[in-house]
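These notes are about the structure you will find just below.
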Amino acid sequence: MPLLSIENLSVEYRTSAGRSVVISDFSLAIEQGESFGLVGESGCGKSTLLMAIMGYLGRNGAVTRGRILFEGRDLVGLSDAELRQVRGSRIAVVYQEPSAALNPSLTIGRQLMEVPLLRAGTTVADARAQVVRMLGDVHLPHPDSVMRRYPHQVSGGQKQRVVLAMALLANPALLLLDEPTTGLDVTVAATVLDLVNELRQKYRTALVYVSHNLGVIAQVCDQIGVMYAGEMVESAPAASLFASPRHPYTRGLIASLPALGADKHSAPLIPIPGSVPSPMAARRGCAFAPRCVDARAGQCDIGAIAIRPAAPDHLVRCVRFAELAPPVASDAFVADAQQDGEVVLEADQLSRVFKVGRLRLVANDALNFEARRGRVLAIVGESGSGKSTFARILAGLDAATSGSLRFRGADVATQPVRRRNAAQVAAIQMVFQNPDGTLNPSHRVGRPLARALRRFGVARGRRAIDARVRALLEMVRLHPAVQHSLPRQLSGGQKQRIAIARAFAGNPELLIADEPVSSLDVSVQAAVVNLLLGIQASHGTTMLFISHDLVLVRYLADEVVVMYLGRVMECGPVQALFSPPYHPYTEALLSAVPLLDPSAGRARIRLEGEIPSPLNPPPGCRFAGRCPRKVGAVCDTVPPPAREAGDGHLIFCHISLDELRRVPPVFGDAAAAVVGAPTTASSRTDTH
Amino acid sequence: MSDVQTRPLIAPAPSLPAMPAIEPAPAERRAPSLLRRLPTSRVAMVGLALVLFWIAVASLAPVLPVPSPTAHDYAAIGHPGPGARHWLGVDPLGRDTLARVVWGARTVLAVAPAAVLAAYVVGCAMGLLAGYYRGWVDVVVSRVSDVILSFPVVVLYVILIANIGPSAMNIVVAAVLSSAPAIARIVRGLVMSLMHQDFVAAAELRRESDLYIMLVELLPNCRGPLITDFCLRLGYVTIAIGTLGFLGLGLPPPTPDWGGMVKQGTAMLTVYPGMSLYPAFALVSLVLGFNLLADGLTELSMSD
Amino acid sequence: MLKYLLRRVLELVLTLVLSSFVVFMLTEFSPGNVARKTLGPFALQEQVDVLYEKLHLNDPLLVRYVRWVGVLTGLEADPLQDPALDLDFHDPRGNRYFGNFGYSTLYKAPVNDVLWNRLGNTALLAGLAFAVIVPLSLVLGILAGMRAGSALDRLVSTASVVMTSVPEFALGVMLVAVFVVSLHWLPGTSTLDPSGGWPVAAQLVLPVATLAIYDAGYVARMVRSSMAEVMTRPYIRTAVLKGLPRRQVILRHAFRNAMIAPFTVMLLQINWLIGGVVVTELVFAYPGFGRMLLDAALFGDISLIEAATLIALLVATTTQLLSDIGYRFLDPQSRR
């Protein structure tokens with residue numbers, strides 16, 4: 001008998017606008033100790049499924065069909081008292097946002113001790129001992145001090161460890177994890193994933209791990225299910241799913257991610273057209289059909305489609321899976337070979353220091369690098385690296401405190417927008433990270449486009465402006481009628497395209513793209529990346545691409561700058577950066593990338609602890625505190641020298657180049673392995 | 001400059017197979033605006049009905065079949081209760097209570113919205129400036145607001161009106177003084193959270209003026225919470241006008257004024273309570289209307 | 001914490017100084033008026049002129065304000081008590097002491113003889129009202145907010161909207177019409193003098209009810225919306241899915257967080273009550289601070305107005321300070 005068996009489950013929500021089917025005909029079986037990964041984009045019902053298992057659907061949600069058998073008992077329709085025997089003792093949950101999941105006004109110790117104290121006959125001393133032991137198991141140092149603290153007094157990664165400890169204190173047979181690493185920095189997320197794997201071995205708990213990120217799922221799960229619009233569309237063992245995906249959606253997801261070794265000159269990203277449908281939308285037949293290139297009228301849109309085996313233990317919900325040709329690697333789009341453009345942007349000892357009370361927050365510290373015309377310079381870093389501060393200074397939304405930033409010969413480091421002339425402002429434009437904040441919710445989306453055209457003097461007169469607006473919309477592949485829509489009517493990807501059109505209205509020479517796709521669904525990301533690259537290439541625009549996503553950067557950048565706590569760690573041409581010699585921090589970042597193929601052997605280093613605060617930084621190397629290859633006291637006290645590795649590749653490290661060259665490539669032979677890019681991770685505020 | 005101008009605006013669409021197809025514009029609005037959804041809230045509709053009733057009464061006052069609100073019927077003073085000539089009776093000076101309630105609606109519905117509007121102009125300006133510029137502007141605005149808000153409202157009114165004298169204009173002044181800081185606080189908070197949004201940065205990157213950003217980019221996005229607050233504040237100011245009238249600091253006689261009528265009637269409470277109660281009910285129903293409207297709007301905005 | 005307290009007390013003093021100056025400016029803006037009001041309408045113009053001269057009323061406003069503060073703090077003698085003026089103003093405490101608010105022309109007595117007695121009566125009234133408001137609104141608000149959208153929630157919400165729509169003066173008159181005029185259960189006036197046949201306790205019922213009902217509705221709404229909001233928070237879900245019984249979820253996890261926002265509101269009600277007592281005391285002829293303030297304002301008793309507003313402001317700002325300190329204890333995130 002499986003530990004958990006879900007049979008033909010349907011869940012509905014009643015809203016003022018009508019009923020919405022969030023999960024339909026969903027089945028799943030999990031054995032003792034097994035780990036099951038559920039992948040899908042936002043709004044496909046993953047979290048609802050977890051809450052349905054816990055019997056926590058809220059006032060307006062209900063299971064309308066099917067059973068949830070846990071240890072042979074149907075959880076659907078249990079009373080509160082009966083559910084309490086399951087919740088927190090047999091099944092426990094780890095939540096997406098640990099800072100919201102913990103009660104802000106109770107100490108961590110009190111919240112943790114509640115769990116053992118629920119068991120009859122547990123004394124406070126027992127409970128405390130159990131909590132201390134568990135905090136050790138999740139590798140939180142100084143358990144006593146952690147217990148006395150309030151949630152806001154520990155870091156995000158530590159909070160997630162506390163939530164994990166809380167769940168495991170119940171000693172559950174089944175652990176439900178809802179995107180537990182989303183929102184954490186790449187290096188921190190990697191250690192949390194390691195911890196999940198370690199605890200799973202230790203406690204022999206079965207897992208349901210929910211994520212939008214294929215790579216993350218691949219790290220922890222034996223069995224994988226792909227969800228789309230409330231349905232399970234494909235389910236298979238991890239290896240077989242990645243080796244031979246059968247459902248067009250699964251294939252689309254994998255194809256829309258850049259391959260690890262790939263770049264824009266070799267292979268294109270293949271986006272899935274359209275966006276995830278609303279659960280309110282009426283549909284007939286296959287839910288994915290409207291976005292599926294292989295859909296056939298009369299075949300895919302006529303009735304409910306059952307999930308069928310394509311191979312032993314490989315289930316697919318597609319009527320045409322057997323007829324589909326194996327995916328062809330298209331090599332149609334190859335970006336032009338690089339020409340050597342002249343230097344258009346040059347940062348020289350650029351620094352930005354914020355005063356926080358009596359402390360100094362050094363957001364940018366003596367940055368030196370340059371960008372060339374028509375090329376893509378990527379700035380990579382985690383939260384607190386200062387990459388967004390740099391972008392704001394360049395755009396004129398902030399001013400540097402020292403150093404210079406020369407753009408086409410003029411120093412703009414201390415020239416905010418108000419002190420630049422119209423041509424200078426039009427020449428540097430920006431695409432922002434969050435599609436929901438990028439457009440004014442009160443204005444129709446055509447308005448900022450028309451306004452930009454007018455302000456930059458690109459077009460005069462109503463008719464001319466209108467024509468330009470239409471042309472801009474066409475450029476970003478949107479219908480001209482979209483200009484009359486309000487932002488809330490558009491999907492995230494559409495909003496981001498409007499933002500791109502707005503940035504190009506003044507015909508900029510330099511485009512700053514600040515994590516432009518990190519908040520978008522995986523299947524939509526590829527479309528926006530292609531659009532950006534296409535327009536950038538055809539306009540000859542220089543692009544500054546800010547990202548925490550190394551695989552994406554590998555794909556689209558020409559040059560890369562790696563930043564950590566306001567300092568440049570390493571910079572150089574993209575190929576040089578992704579092969580040894582590495583800066584130890586770059587090596588750690590690469591090691592933290594969740595690969596789709598977990599069997600791909602790679603050298604891995606993990607970083608201890610959390611990203612420290614950029615307040616009053618030490619005089620030596622910024623990375624010294626967490627560096628696994630630290631040489632000695634010199635790292636703490638002396639700023640590292642720049643080591644030239646040739647071809648403009650600079651590494652700021654006390655370790656000699658020869659020694660750094662001895663480090664094996666992180667990805668080994670797996671260079672061609674497909675990678676699950678961390679997508680919405682690390683959207684946390686950068687210091688600015 | 002010329003460099004920018006001469007480059008082609010739209011390059012020929014790059015022929016990329018991976019480029020997304022042109023997507024059609026969304027056909028219908030997914031969430032209609034707050035005011036359009038108003039009919040779905042029963043609470044809001046009851047409130048709206050009450051308010052509309054009094055607006056109708058106030059605007060129709062000259063044509064309604066009621067006697068003049070300032071005419072004295074000395075014969076009726078002996079029997080102030082309701083009768084054929086005076087449906088709701090008369091006040092101690094022999095003036096028709098129904099007529100005074102009807103014309104009192106006119107007073108209140110002229111003064112209260114004027115006062116709230118004036119308070120909004122001042123409050124929004126203060127809040128926008130404080131939230132947008134921060135720094136010393138914010139310190140000054142917040143400090144002044146704190147001082148004014150630390151006055152108990154009624155005490156503030158009493159001191160003010162007792163010193164500058166009762167008149168419609170002075171009631172407006174008093175209402176602005178007591179409400180504007182509270183409105184400024186709300187606007188300031190909203191503006192400060194909006195300032196983090198990228199569309200403000202995008203406007204700065206078009207070199208828009210401060211005034212444009214404040215009025216066109218920021219203010220329209222404050223309207224949700226402000227509409228609710230506007231209704232609530234209409235209720236508060238209506239209560240304040242009534243209270244001032246009751247304290248003898250309202251509009252100078254013989255202008256019909258609900259609060260003053262309640263006060264006048266208290267002397268005759270044992271003889272004929274209606275003299276006080278009818279104007280009191282009128283005031284309560286109008287305030288209730290504003291409050292229910294605000295409640296319904298809050299509920300609707302929560303269900304977004 | 002000590003530094004924070006010191007800063008807050010300093011801010012409090014600053015607010016008091018600023019706002020008392022505003023009141024001073026309002027009441028003594030026209031100097032001619034000050035002399036006239038002090039002497040009353042029947043004084044001869046010559047007497048008024050003499051007083052004008054004597055009080056240096058042609059000095060700038062700020063100078064006169066500083067002098068007023070001097071008298072208040074006992075650094076300067078009260079000029080009105082100067083026998084040469086022949087005003088017959090006598091204060092047994094002398095003419096120079098800390099807390100000298102001057103002489104009330106309305107009551108023909110030193111302000112200190114009038115003020116404190118009235119303040120005590122009002123404290124009784126407001127204290128009782130507060131003792132009704134807090135538990136009532138807490139219980140109603142928590143019960144309603146616990147299950148947003150339930151029948152009880154709708155009942156409490158509607159009731160509290162109605163309660164906040166009835167201003168004190170209207171409510172007072174309605175209560176009198178029902179309980180005094182129709183039912184004869186309670187007295188219509190509350191002079192705190194039992195010789196009229198009604199015990200003091202009975203006299204207090206209607207004024208307390210008048211004060212409490214409006215405010216209880218307001219506070220209950222605040223508590224309700226805060227509680228309803230907290231119940232949707234992910235940490236409540238965490239607590240429920242931990243397997244905690246509902247009672248513990250509500251009491252241990254929801255209650256304290258739900259109290260953070262309304263706590264400030266509740267203490268600020270003291271501020272509101274000060275205003276409410278003006279009206280209530282007028283309706284019930286209650287010998288309190290509020291009516292005294294109103295009478296003083298209408299009569300033009302400058303010293304008494306200034307004294308009373310200063311006291312009202314002191315109470316208001318002190319409760320604000322207390323609420324801020326309490327807030328820091330309730331919300332660990334506001335401490336650092």
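For the structure tokens, the naming scheme is as follows: chains receive sequential letters (A, B, ...) according to their order of presentation, residues are indexed from 1 within each chain, and ligands are indexed from 1 in presentation order.
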inquiry  = Would you pick out the contacts of region 485-495 of chain A at 8 Å or less, using only C-alpha atoms, so that residues sharing its chain but fewer than 4 positions from it are not included, and give the list as a PyMOL selection string?
reply    = (chain A and resi 275+435-436+438-446+478+481+499+520+524-525+528) or (chain B and resi 25-26+29-30)
Considering only C-alpha atoms, give me a table of residues in chain C that are at most 7 Å from chain A, with the closest atom pair and distance in Å for each, as a tab-separated table.
```
residue	atom	partner	partner_atom	distance
C:Pro234	CA	A:Ala101	CA	5.0
C:Tyr235	CA	A:Ala101	CA	4.2
C:Thr238	CA	A:Ala101	CA	6.0
C:Leu241	CA	A:Arg87	CA	5.4
C:Lys242	CA	A:Gly88	CA	4.1
C:Gly243	CA	A:Arg84	CA	4.7
C:His253	CA	A:Asn103	CA	6.9
C:Asn257	CA	A:Ser105	CA	6.7
C:Asp331	CA	A:Ser105	CA	6.1
C:Pro332	CA	A:Ser105	CA	5.7
C:Gln333	CA	A:His152	CA	6.7
```
Can you spit out the residues from that selection as a PDB file, in the first residue's frame, using N, CA and C atoms?
```
ATOM      1  N   PRO C 234       0.177  33.808   6.569  1.00  0.00           N
ATOM      2  CA  PRO C 234       0.743  32.457   6.455  1.00  0.00           C
ATOM      3  C   PRO C 234       1.125  31.847   7.801  1.00  0.00           C
ATOM      4  N   TYR C 235       1.520  32.668   8.793  1.00  0.00           N
ATOM      5  CA  TYR C 235       1.933  32.035  10.045  1.00  0.00           C
ATOM      6  C   TYR C 235       0.757  31.443  10.808  1.00  0.00           C
ATOM      7  N   THR C 238       0.600  28.131   9.282  1.00  0.00           N
ATOM      8  CA  THR C 238       1.642  27.304   9.890  1.00  0.00           C
ATOM      9  C   THR C 238       1.155  26.727  11.207  1.00  0.00           C
ATOM     10  N   LEU C 241      -1.547  24.053  10.652  1.00  0.00           N
ATOM     11  CA  LEU C 241      -1.022  22.828  10.047  1.00  0.00           C
ATOM     12  C   LEU C 241       0.030  22.142  10.918  1.00  0.00           C
ATOM     13  N   LYS C 242       0.461  22.829  11.972  1.00  0.00           N
ATOM     14  CA  LYS C 242       1.283  22.171  12.985  1.00  0.00           C
ATOM     15  C   LYS C 242       0.445  21.190  13.782  1.00  0.00           C
ATOM     16  N   GLY C 243      -0.873  21.369  13.706  1.00  0.00           N
ATOM     17  CA  GLY C 243      -1.762  20.532  14.482  1.00  0.00           C
ATOM     18  C   GLY C 243      -2.231  21.172  15.776  1.00  0.00           C
ATOM     19  N   HIS C 253      -1.329  32.591  18.761  1.00  0.00           N
ATOM     20  CA  HIS C 253      -0.719  33.090  17.519  1.00  0.00           C
ATOM     21  C   HIS C 253      -1.436  34.296  16.933  1.00  0.00           C
ATOM     22  N   ASN C 257      -0.726  39.296  17.708  1.00  0.00           N
ATOM     23  CA  ASN C 257      -0.438  40.039  16.481  1.00  0.00           C
ATOM     24  C   ASN C 257      -1.602  40.930  16.086  1.00  0.00           C
ATOM     25  N   ASP C 331       5.187  44.554  19.736  1.00  0.00           N
ATOM     26  CA  ASP C 331       5.717  44.161  18.435  1.00  0.00           C
ATOM     27  C   ASP C 331       7.232  44.055  18.485  1.00  0.00           C
ATOM     28  N   PRO C 332       7.740  42.833  18.557  1.00  0.00           N
ATOM     29  CA  PRO C 332       9.198  42.674  18.680  1.00  0.00           C
ATOM     30  C   PRO C 332       9.939  43.269  17.496  1.00  0.00           C
ATOM     31  N   GLN C 333       9.264  43.374  16.345  1.00  0.00           N
ATOM     32  CA  GLN C 333       9.955  43.887  15.169  1.00  0.00           C
ATOM     33  C   GLN C 333      10.250  45.372  15.273  1.00  0.00           C
TER      34      GLN C 333
END
```
key: CA of Tyr278 (chain B) to CA of His86 (chain B), straight-line distance in Å   =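 Going from CA of His86 (chain B) over to CA of Tyr278 (chain B) covers 13.1 Å.
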Select from chain B every residue with an atom at most 7 Å from any atom of chain C, then for each give the shortest pair of atoms and their distance in Å to one decimal, using only C-alpha atoms, rows by chain and rising number, as CSV.
```
residue,atom,partner,partner_atom,distance
B:Val147,CA,C:Thr15,CA,5.8
B:Ser150,CA,C:Ala316,CA,6.1
B:Phe151,CA,C:Leu313,CA,6.1
B:Pro152,CA,C:Asn271,CA,5.5
B:Val153,CA,C:Gly275,CA,6.2
B:Val154,CA,C:Gly275,CA,4.7
B:Val155,CA,C:Gly275,CA,5.8
B:Val158,CA,C:Leu294,CA,6.8
B:Ile159,CA,C:Ala297,CA,6.3
B:Ala162,CA,C:Ala297,CA,5.7
B:Asn163,CA,C:Thr27,CA,6.5
B:Ile239,CA,C:Pro167,CA,6.1
B:Thr243,CA,C:Phe169,CA,6.7
B:Leu269,CA,C:Ala177,CA,6.9
B:Thr270,CA,C:Val181,CA,5.7
B:Pro273,CA,C:Ala177,CA,6.3
B:Leu277,CA,C:Met174,CA,6.7
B:Ala280,CA,C:Ala170,CA,5.3
B:Val284,CA,C:Val166,CA,5.4
B:Val287,CA,C:Ser165,CA,5.4
B:Leu288,CA,C:Ser165,CA,5.0
B:Asn291,CA,C:Val161,CA,6.6
B:Leu292,CA,C:Val161,CA,7.0
```
Would you export the selected residues with N, CA and C atoms as a PDB file, in the first residue's frame, please?
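Result saved to selection-v1.pdb:
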```
ATOM      1  N   VAL B 147       1.393  67.748  15.632  1.00  0.00           N
ATOM      2  CA  VAL B 147       0.919  68.720  16.616  1.00  0.00           C
ATOM      3  C   VAL B 147      -0.581  68.909  16.485  1.00  0.00           C
ATOM      4  N   SER B 150      -2.593  65.950  17.609  1.00  0.00           N
ATOM      5  CA  SER B 150      -2.600  65.658  19.044  1.00  0.00           C
ATOM      6  C   SER B 150      -3.671  66.475  19.760  1.00  0.00           C
ATOM      7  N   PHE B 151      -4.251  67.466  19.092  1.00  0.00           N
ATOM      8  CA  PHE B 151      -5.404  68.175  19.662  1.00  0.00           C
ATOM      9  C   PHE B 151      -6.608  67.257  19.635  1.00  0.00           C
ATOM     10  N   PRO B 152      -7.333  67.144  20.736  1.00  0.00           N
ATOM     11  CA  PRO B 152      -8.623  66.475  20.640  1.00  0.00           C
ATOM     12  C   PRO B 152      -9.504  67.282  19.677  1.00  0.00           C
ATOM     13  N   VAL B 153     -10.150  66.595  18.727  1.00  0.00           N
ATOM     14  CA  VAL B 153     -10.812  67.279  17.618  1.00  0.00           C
ATOM     15  C   VAL B 153     -11.829  68.313  18.096  1.00  0.00           C
ATOM     16  N   VAL B 154     -12.708  67.870  19.008  1.00  0.00           N
ATOM     17  CA  VAL B 154     -13.776  68.782  19.424  1.00  0.00           C
ATOM     18  C   VAL B 154     -13.190  70.001  20.122  1.00  0.00           C
ATOM     19  N   VAL B 155     -12.157  69.781  20.929  1.00  0.00           N
ATOM     20  CA  VAL B 155     -11.519  70.903  21.610  1.00  0.00           C
ATOM     21  C   VAL B 155     -10.953  71.871  20.579  1.00  0.00           C
ATOM     22  N   VAL B 158     -13.823  73.792  19.130  1.00  0.00           N
ATOM     23  CA  VAL B 158     -14.399  74.754  20.082  1.00  0.00           C
ATOM     24  C   VAL B 158     -13.503  75.982  20.185  1.00  0.00           C
ATOM     25  N   ILE B 159     -12.207  75.751  20.375  1.00  0.00           N
ATOM     26  CA  ILE B 159     -11.279  76.869  20.514  1.00  0.00           C
ATOM     27  C   ILE B 159     -11.291  77.733  19.255  1.00  0.00           C
ATOM     28  N   ALA B 162     -14.854  79.413  18.667  1.00  0.00           N
ATOM     29  CA  ALA B 162     -15.122  80.401  19.701  1.00  0.00           C
ATOM     30  C   ALA B 162     -14.294  81.647  19.448  1.00  0.00           C
ATOM     31  N   ASN B 163     -13.137  81.504  18.819  1.00  0.00           N
ATOM     32  CA  ASN B 163     -12.280  82.656  18.603  1.00  0.00           C
ATOM     33  C   ASN B 163     -12.499  83.338  17.261  1.00  0.00           C
ATOM     34  N   ILE B 239     -20.787  64.918  11.265  1.00  0.00           N
ATOM     35  CA  ILE B 239     -20.919  64.835  12.719  1.00  0.00           C
ATOM     36  C   ILE B 239     -20.357  66.106  13.363  1.00  0.00           C
ATOM     37  N   THR B 243     -22.236  68.603  15.737  1.00  0.00           N
ATOM     38  CA  THR B 243     -21.771  68.817  17.104  1.00  0.00           C
ATOM     39  C   THR B 243     -21.576  70.308  17.376  1.00  0.00           C
ATOM     40  N   LEU B 269     -37.792  68.472  25.688  1.00  0.00           N
ATOM     41  CA  LEU B 269     -37.718  67.015  25.533  1.00  0.00           C
ATOM     42  C   LEU B 269     -38.870  66.312  26.236  1.00  0.00           C
ATOM     43  N   THR B 270     -39.256  66.806  27.423  1.00  0.00           N
ATOM     44  CA  THR B 270     -40.333  66.146  28.169  1.00  0.00           C
ATOM     45  C   THR B 270     -41.682  66.419  27.536  1.00  0.00           C
ATOM     46  N   PRO B 273     -40.515  65.161  22.467  1.00  0.00           N
ATOM     47  CA  PRO B 273     -39.146  64.732  22.129  1.00  0.00           C
ATOM     48  C   PRO B 273     -38.849  64.830  20.636  1.00  0.00           C
ATOM     49  N   LEU B 277     -35.542  64.753  18.254  1.00  0.00           N
ATOM     50  CA  LEU B 277     -35.250  63.454  17.658  1.00  0.00           C
ATOM     51  C   LEU B 277     -35.258  63.475  16.140  1.00  0.00           C
ATOM     52  N   ALA B 280     -32.120  64.720  14.781  1.00  0.00           N
ATOM     53  CA  ALA B 280     -31.078  63.760  15.152  1.00  0.00           C
ATOM     54  C   ALA B 280     -31.103  62.556  14.217  1.00  0.00           C
ATOM     55  N   VAL B 284     -28.211  61.194  11.721  1.00  0.00           N
ATOM     56  CA  VAL B 284     -27.690  59.831  11.843  1.00  0.00           C
ATOM     57  C   VAL B 284     -27.829  59.083  10.526  1.00  0.00           C
ATOM     58  N   VAL B 287     -25.132  60.252   8.053  1.00  0.00           N
ATOM     59  CA  VAL B 287     -23.809  59.742   8.432  1.00  0.00           C
ATOM     60  C   VAL B 287     -23.727  58.242   8.175  1.00  0.00           C
ATOM     61  N   LEU B 288     -24.802  57.545   8.516  1.00  0.00           N
ATOM     62  CA  LEU B 288     -24.848  56.100   8.281  1.00  0.00           C
ATOM     63  C   LEU B 288     -24.647  55.807   6.795  1.00  0.00           C
ATOM     64  N   ASN B 291     -21.045  56.179   5.983  1.00  0.00           N
ATOM     65  CA  ASN B 291     -20.249  55.098   6.578  1.00  0.00           C
ATOM     66  C   ASN B 291     -20.470  53.762   5.868  1.00  0.00           C
ATOM     67  N   LEU B 292     -21.724  53.477   5.523  1.00  0.00           N
ATOM     68  CA  LEU B 292     -21.998  52.215   4.822  1.00  0.00           C
ATOM     69  C   LEU B 292     -21.331  52.214   3.458  1.00  0.00           C
TER      70      LEU B 292
END
```
task = Taking only C-alpha atoms into account, report as a PyMOL selection string which residues of chain A lie within 7 Å of chain B.
result = chain A and resi 268-271+273+332-333+417-418+423+425+429+432+437-440+442+452+455+475+477-479+481-482+489+507+527+530-531+534+538-539
key: Atom-to-atom span, CA of Asp365 (chain A) and CA of Phe407 (chain A), Å   =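 Interatomic distance, CA of Asp365 (chain A) to CA of Phe407 (chain A): 19.0 Å.
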task = Per DSSP on the backbone, filter region 58-297 of chain C down to the residues in helix (DSSP H, G or I) and report them as a ChimeraX atom specification.
result = /C:61-72,79-81,83-85,111-146,151-163,168-182,194-196,200-231,234-241,246-283,289-297
request  = Record the distance separating CA of Leu52 (chain B) and CA of Val108 (chain B), expressed in Å with one decimal.
outcome  =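 Straight-line distance from CA of Leu52 (chain B) to CA of Val108 (chain B) works out to 13.7 Å.
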query = Leaving out Arg93 (chain C) and any residue of its chain fewer than 4 positions from it, which residues lie within 12 Å of it when counting only C-alpha atoms, given as a ChimeraX atom specification?
reply = /C:74,77-78,81,89,97-103,109-113
task = Using only C-alpha atoms, determine which residues lie at most 9 Å from Val111 (chain B), disregarding the query and same-chain residues fewer than 4 positions distant; provide the list as a list of chain:residue names.
result =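 After dropping sequence-adjacent residues, the list is B:Arg106, B:Thr107, B:Ala115, B:Val116, B:Ala168, B:Met169, B:Ile171, B:Val172, B:Val237, B:Thr238, B:Ile241.
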inquiry  = Set the distance at 8 Å and use only C-alpha atoms: which residues neighbour Ile161 (chain B) once local chain neighbours fewer than 6 positions away are removed? I'd like the list as number ranges by chain.
reply    = B: 170-171, 174, 249
request  = Please return as a list in words: the residues of region 401-441 of chain A that backbone DSSP assigns to strand (DSSP E).
outcome  =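 Put together, the selection reads Ser402, Gly403, Ser404, Leu405, Arg406, Phe407, Ala410, Asp411, Ile428, Gln429, Met430 and Val431 of chain A.
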